[in-house]
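Colleague: Below is the file query02.cif, with mmCIF, C-alpha atoms.
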data_model
#
loop_
_atom_site.label_atom_id
_atom_site.label_comp_id
_atom_site.auth_asym_id
_atom_site.auth_seq_id
_atom_site.Cartn_x
_atom_site.Cartn_y
_atom_site.Cartn_z
CA MET C 475 3.29 184.38 119.71
CA ARG C 476 3.77 182.07 122.72
CA GLN C 477 0.77 180.08 123.92
CA ALA C 478 1.04 181.62 127.38
CA ASP C 479 0.76 185.07 125.92
CA SER C 480 -1.98 184.39 123.39
CA LEU C 481 -5.65 184.71 124.28
CA SER C 482 -8.37 182.70 122.63
CA ALA C 483 -10.86 184.74 120.68
CA GLY C 484 -14.08 185.99 122.18
CA PHE C 485 -14.45 185.06 125.81
CA PHE C 486 -10.81 185.41 126.79
CA ALA C 487 -10.26 188.53 124.71
CA SER C 488 -7.57 190.89 125.91
CA PRO C 489 -8.82 193.79 128.04
CA ILE C 490 -6.88 196.06 125.71
CA ALA C 491 -8.86 194.82 122.72
CA TRP C 492 -12.17 194.93 124.56
CA THR C 493 -13.67 198.30 125.44
CA PRO C 494 -16.50 197.75 127.93
CA MET C 495 -19.69 199.75 127.65
CA GLU C 496 -18.52 201.77 124.68
CA PRO C 497 -21.53 203.16 122.84
CA LYS C 498 -22.21 201.43 119.56
CA PRO C 499 -22.30 203.50 116.38
CA GLN C 500 -25.80 204.82 115.83
CA THR C 501 -27.42 205.07 112.44
CA GLY C 502 -30.05 207.43 113.79
CA ARG C 503 -31.04 209.14 117.02
CA ILE C 504 -30.66 207.10 120.22
CA ARG C 505 -34.08 206.20 121.55
CA THR C 506 -35.22 208.08 124.63
CA ARG C 507 -35.72 204.79 126.46
CA ASP C 508 -32.08 203.80 125.92
CA ARG C 509 -30.89 207.26 126.91
CA ILE C 510 -32.83 206.95 130.16
CA LEU C 511 -31.17 203.60 130.90
CA ASP C 512 -27.72 205.00 130.12
CA ALA C 513 -28.30 208.03 132.35
CA ALA C 514 -29.69 205.88 135.17
CA LEU C 515 -26.71 203.52 135.07
CA ARG C 516 -24.29 206.46 135.21
CA LEU C 517 -26.08 208.03 138.18
CA PHE C 518 -26.49 204.72 140.02
CA ASN C 519 -22.76 204.14 139.66
CA GLU C 520 -21.69 207.64 140.65
CA VAL C 521 -23.85 208.30 143.71
CA GLY C 522 -25.47 204.96 144.56
CA GLU C 523 -28.86 203.61 143.51
CA SER C 524 -30.57 204.62 146.77
CA ASN C 525 -29.62 208.28 146.19
CA VAL C 526 -31.17 208.42 142.72
CA SER C 527 -34.85 209.01 142.02
CA THR C 528 -36.76 209.14 138.76
CA THR C 529 -36.79 212.91 139.17
CA THR C 530 -33.00 212.92 139.47
CA ILE C 531 -32.71 210.97 136.24
CA ALA C 532 -35.16 213.23 134.39
CA GLU C 533 -33.34 216.35 135.56
CA ALA C 534 -29.97 214.95 134.53
CA MET C 535 -31.38 214.28 131.06
CA ARG C 536 -33.23 217.60 130.90
CA ILE C 537 -36.49 215.90 130.11
CA SER C 538 -39.81 216.12 131.91
CA SER C 539 -40.83 213.54 134.50
CA GLY C 540 -43.87 212.83 132.31
CA ASN C 541 -41.59 211.90 129.43
CA LEU C 542 -39.67 209.49 131.68
CA TYR C 543 -42.87 207.96 133.08
CA TYR C 544 -44.07 207.36 129.53
CA HIS C 545 -41.25 204.80 129.26
CA PHE C 546 -40.91 203.61 132.87
CA ARG C 547 -43.52 203.61 135.63
CA ASN C 548 -40.99 203.77 138.48
CA LYS C 549 -37.33 203.27 139.37
CA ASP C 550 -37.65 199.49 139.69
CA ASP C 551 -38.84 199.44 136.07
CA ILE C 552 -35.54 201.13 135.18
CA ILE C 553 -33.37 198.86 137.31
CA ALA C 554 -34.79 195.72 135.68
CA PRO C 555 -33.53 196.38 132.11
CA VAL C 556 -30.24 197.78 133.46
CA PHE C 557 -29.74 194.51 135.31
CA ALA C 558 -30.77 192.60 132.17
CA ARG C 559 -27.88 194.27 130.33
CA PHE C 560 -25.50 193.17 133.07
CA GLU C 561 -26.97 189.67 133.20
CA GLN C 562 -26.72 189.09 129.45
CA GLU C 563 -23.08 190.16 129.34
CA MET C 564 -22.18 188.19 132.48
CA GLU C 565 -23.74 185.01 131.10
CA ARG C 566 -21.64 185.39 127.96
CA ARG C 567 -18.54 185.66 130.11
CA LEU C 568 -19.38 182.56 132.11
CA LYS C 569 -19.03 180.24 129.13
CA MET C 570 -15.88 178.23 128.64
CA PRO C 571 -14.05 178.65 125.33
CA GLY C 572 -14.79 175.81 122.93
CA SER C 573 -11.60 173.83 122.29
CA SER C 574 -8.95 176.10 123.81
CA LYS C 575 -7.01 174.96 126.85
CA VAL C 576 -7.22 177.45 129.68
CA THR C 577 -3.88 178.66 131.02
CA LEU C 578 -2.99 180.68 134.09
CA MET C 579 -2.25 183.64 131.82
CA HIS C 580 -5.76 183.35 130.37
CA CYS C 581 -7.18 183.50 133.89
CA TRP C 582 -5.04 186.51 134.77
CA SER C 583 -6.20 188.47 131.73
CA TYR C 584 -9.79 187.30 132.10
CA LEU C 585 -9.93 188.52 135.71
CA ARG C 586 -8.51 191.91 134.74
CA ASP C 587 -11.15 192.14 132.05
CA MET C 588 -13.85 191.04 134.50
CA SER C 589 -12.85 193.69 137.05
CA GLU C 590 -13.34 196.42 134.43
CA PHE C 591 -16.68 194.95 133.39
CA MET C 592 -17.85 194.95 137.00
CA TRP C 593 -16.73 198.56 137.28
CA ASP C 594 -19.24 199.48 134.57
CA PHE C 595 -22.03 198.05 136.76
CA ARG C 596 -20.43 198.81 140.12
CA PHE C 597 -23.65 199.95 141.79
CA LEU C 598 -24.96 196.38 141.56
CA TYR C 599 -22.04 195.16 143.66
CA ARG C 600 -21.90 198.12 146.02
CA ASP C 601 -25.66 198.18 146.69
CA ILE C 602 -26.48 194.50 146.15
CA ASN C 603 -27.72 193.82 149.72
CA ASP C 604 -30.36 196.53 149.53
CA LEU C 605 -31.33 195.67 145.97
CA VAL C 606 -31.93 191.96 146.56
CA ALA C 607 -33.73 192.65 149.86
CA ARG C 608 -36.52 194.49 148.06
CA ASN C 609 -36.48 192.96 144.58
CA ARG C 610 -37.23 189.22 144.49
CA ILE C 611 -36.57 188.84 140.75
CA LEU C 612 -33.17 190.50 141.03
CA GLU C 613 -32.40 188.35 144.08
CA THR C 614 -33.17 185.16 142.18
CA ASN C 615 -31.25 186.17 139.07
CA PHE C 616 -28.21 187.44 140.96
CA LYS C 617 -28.03 184.19 142.93
CA ARG C 618 -28.14 182.31 139.63
CA LEU C 619 -25.22 184.35 138.31
CA VAL C 620 -23.25 183.68 141.49
CA GLU C 621 -23.81 179.96 141.01
CA GLY C 622 -22.71 180.40 137.39
CA LYS C 623 -19.45 181.95 138.61
CA LYS C 624 -18.89 178.97 140.86
CA ARG C 625 -19.53 176.47 138.07
CA PHE C 626 -17.12 178.38 135.85
CA ALA C 627 -14.41 178.38 138.55
CA ARG C 628 -14.96 174.65 139.08
CA GLU C 629 -14.58 173.95 135.35
CA VAL C 630 -11.33 175.93 135.15
CA CYS C 631 -9.94 174.06 138.15
CA ARG C 632 -11.06 170.74 136.66
CA GLN C 633 -9.08 171.50 133.50
CA PHE C 634 -6.02 172.43 135.56
CA ILE C 635 -6.26 169.17 137.51
CA GLU C 636 -6.66 167.09 134.33
CA ASP C 637 -3.63 168.82 132.79
CA GLY C 638 -1.50 168.18 135.89
CA LYS C 639 -1.24 171.88 136.69
CA MET C 640 -3.07 171.54 139.98
CA GLU C 641 -3.75 169.00 142.74
CA ALA C 642 -6.80 169.23 145.00
CA THR C 643 -9.26 166.88 146.69
CA PRO C 644 -12.99 167.30 145.97
CA GLU C 645 -13.40 168.95 149.39
CA GLN C 646 -10.52 171.35 148.70
CA LEU C 647 -11.93 172.11 145.26
CA GLU C 648 -15.30 173.06 146.76
CA ALA C 649 -13.61 175.44 149.21
CA ILE C 650 -11.38 176.92 146.49
CA CYS C 651 -14.31 177.68 144.18
CA THR C 652 -16.41 179.14 146.98
CA ASN C 653 -13.54 181.41 148.06
CA ILE C 654 -13.00 182.56 144.48
CA VAL C 655 -16.66 183.49 144.08
CA VAL C 656 -16.68 185.37 147.40
CA VAL C 657 -13.61 187.40 146.42
CA VAL C 658 -14.88 188.16 142.90
CA THR C 659 -18.37 189.14 144.09
CA HIS C 660 -17.18 191.36 146.95
CA TRP C 661 -14.02 192.80 145.41
CA LEU C 662 -15.61 196.11 144.42
CA PRO C 663 -17.35 196.72 147.78
CA TYR C 664 -14.02 196.05 149.48
CA GLN C 665 -12.28 198.59 147.23
CA TYR C 666 -15.05 201.09 147.94
CA VAL C 667 -14.44 200.78 151.69
CA GLN C 668 -10.69 201.09 151.19
CA HIS C 669 -10.80 204.04 148.77
CA PRO C 670 -14.18 205.80 149.09
CA ARG C 671 -12.90 209.17 147.87
CA GLN C 672 -11.37 207.68 144.73
CA TYR C 673 -14.27 205.42 143.91
CA ASN C 674 -15.52 207.30 140.85
CA ASP C 675 -12.04 208.00 139.49
CA ALA C 676 -11.44 205.15 137.05
CA GLU C 677 -7.77 206.00 136.51
CA GLN C 678 -6.97 206.20 140.21
CA ILE C 679 -8.67 202.97 141.12
CA ARG C 680 -7.75 200.93 138.04
CA ASN C 681 -4.74 199.26 139.64
CA TYR C 682 -6.76 198.40 142.74
CA LEU C 683 -9.38 196.74 140.54
CA HIS C 684 -6.80 194.81 138.56
CA GLY C 685 -5.54 193.40 141.85
CA LEU C 686 -8.46 190.99 141.54
CA SER C 687 -6.29 188.82 139.27
CA TYR C 688 -3.59 188.44 141.90
CA TYR C 689 -5.86 187.76 144.86
CA VAL C 690 -8.03 185.21 143.05
CA LEU C 691 -5.04 183.30 141.71
CA SER C 692 -3.48 183.44 145.19
CA ILE C 693 -6.34 181.16 146.26
CA LEU C 694 -5.17 178.64 143.66
CA ALA C 695 -1.44 179.07 144.33
CA PRO C 696 -1.00 176.44 147.10
CA TYR C 697 -2.53 173.83 144.80
CA LEU C 698 -0.62 174.67 141.61
CA ARG C 699 2.13 172.37 140.40
CA GLY C 700 5.06 172.51 138.00
CA ARG C 701 5.18 175.25 135.38
CA ALA C 702 1.79 176.62 136.48
CA ARG C 703 3.22 177.39 139.91
CA GLY C 704 6.24 179.01 138.27
CA THR C 705 3.94 181.17 136.14
CA PHE C 706 2.04 182.29 139.23
CA ASP C 707 5.27 183.16 141.07
CA ARG C 708 6.38 185.30 138.13
CA LEU C 709 3.00 187.05 137.91
CA ALA C 710 3.08 187.64 141.68
CA ARG C 711 6.52 189.26 141.44
CA ASP C 712 5.40 191.47 138.56
CA TYR C 713 2.26 192.46 140.44
CA ALA C 714 4.23 193.33 143.58
CA ALA C 715 6.62 195.46 141.53
CA SER C 716 3.79 197.31 139.76
CA THR C 717 2.01 197.89 143.07
CA ALA C 718 5.16 199.37 144.58
CA VAL C 719 5.53 201.76 141.63
CA THR C 720 1.87 202.81 141.93
CA GLU C 721 2.23 203.53 145.63
CA VAL C 722 5.29 205.71 145.00
CA VAL C 723 3.47 207.68 142.27
CA THR C 724 0.40 208.10 144.51
CA GLU C 725 2.48 209.42 147.40
CA LYS C 726 4.04 212.05 145.13
#
Kindly present the structure from the file in structure tokens form.
Modeller:
Amino acid sequence: MRQADSLSAGFFASPIAWTPMEPKPQTGRIRTRDRILDAALRLFNEVGESNVSTTTIAEAMRISSGNLYYHFRNKDDIIAPVFARFEQEMERRLKMPGSSKVTLMHCWSYLRDMSEFMWDFRFLYRDINDLVARNRILETNFKRLVEGKKRFAREVCRQFIEDGKMEATPEQLEAICTNIVVVVTHWLPYQYVQHPRQYNDAEQIRNYLHGLSYYVLSILAPYLRGRARGTFDRLARDYAASTAVTEVVTEK
């Protein structure tokens, strides 16, 4: 297998090999608390966090409100562990692979994988302004994750520069990494505005989400050199061709 096509284990796992949010095999009955969190996440994603109450969650689960309140005092008590799930997984993804050299193909696959992960917690991105405005802990932790994204982008760029794949001044690097974080963080809200009636249809919106890879790497493109620039040009052509096919199918 060519290096450009191989993905290092773990962090840069292929999105085909990784199935986000798949339920783990259970040896016994799933605890009511976990079922409540799963149901809340599904409802938050489908209709928006502000449109979901504890009563809505209890009704969807066909349990009494008293049973739900036994586990959680209010909706914020539910949001906190849901966010903790997201935070734990995001932190794992913001760690560089140990000894593997990062390639442009790694970044392309990683961003596709990241877009699907964000889809599983899409309410956090769609409703983030309201959530952080009223929840100081979530505000602090989400800011920390955003800074983690920027550090990760900076480290990838640093490797590219050291390997001669990229040229950028420190000032340009700061702007590049900031722009990458802005695009990644606001990609899902942008897609929601563009395709509000398809937003809960994973198959319909999948190609839009995967466009994250192209638009993030487009930020790097003017600074890429040599074979890295050639790789980007090839990926850009393939992306344009796949987008054209998708548009034709959608029109039919």
Colleague: As a check of understanding, name the residues that the PyMOL selection byres ((chain C and resi 597-600) around 10) selects in the supplied structure, as a ChimeraX atom specification.
Modeller: /C:515-524,553,556-557,560,592-596,601-606,616,659-667
Colleague: Tell me which of C:Asn609, C:Thr652, C:Ser589, C:Thr705 sits closest to C:Ile679, counting only C-alpha atoms.
Modeller: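 Ranked by minimum distance to C:Ile679, first place goes to C:Ser589.
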Colleague: Written as a list in words, which residues does the PyMOL selection byres ((chain C and resi 643-648) around 10) give for the file shown?
Modeller: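 Taken on the displayed file, the PyMOL selection byres ((chain C and resi 643-648) around 10) yields the residues Lys624, Ala627, Arg628, Cys631, Arg632, Ile635, Glu641, Ala642, Ala649, Ile650, Cys651, Thr652, Asn653, Leu694 and Tyr697 of chain C.
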Colleague: I'd like to know which of C:Val630, C:Leu691, C:Leu698, C:Val526 is closest to C:Lys575, using only C-alpha atoms.
Modeller: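 For C:Lys575, the nearest of the candidates is C:Val630.
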Colleague: List the residues selected by the PyMOL selection byres ((chain C and resi 701) around 12) in the file shown, writing them as an MDAnalysis selection string.
Modeller: chainID C and resid 478 577:579 634 637:640 695 698:700 702:708
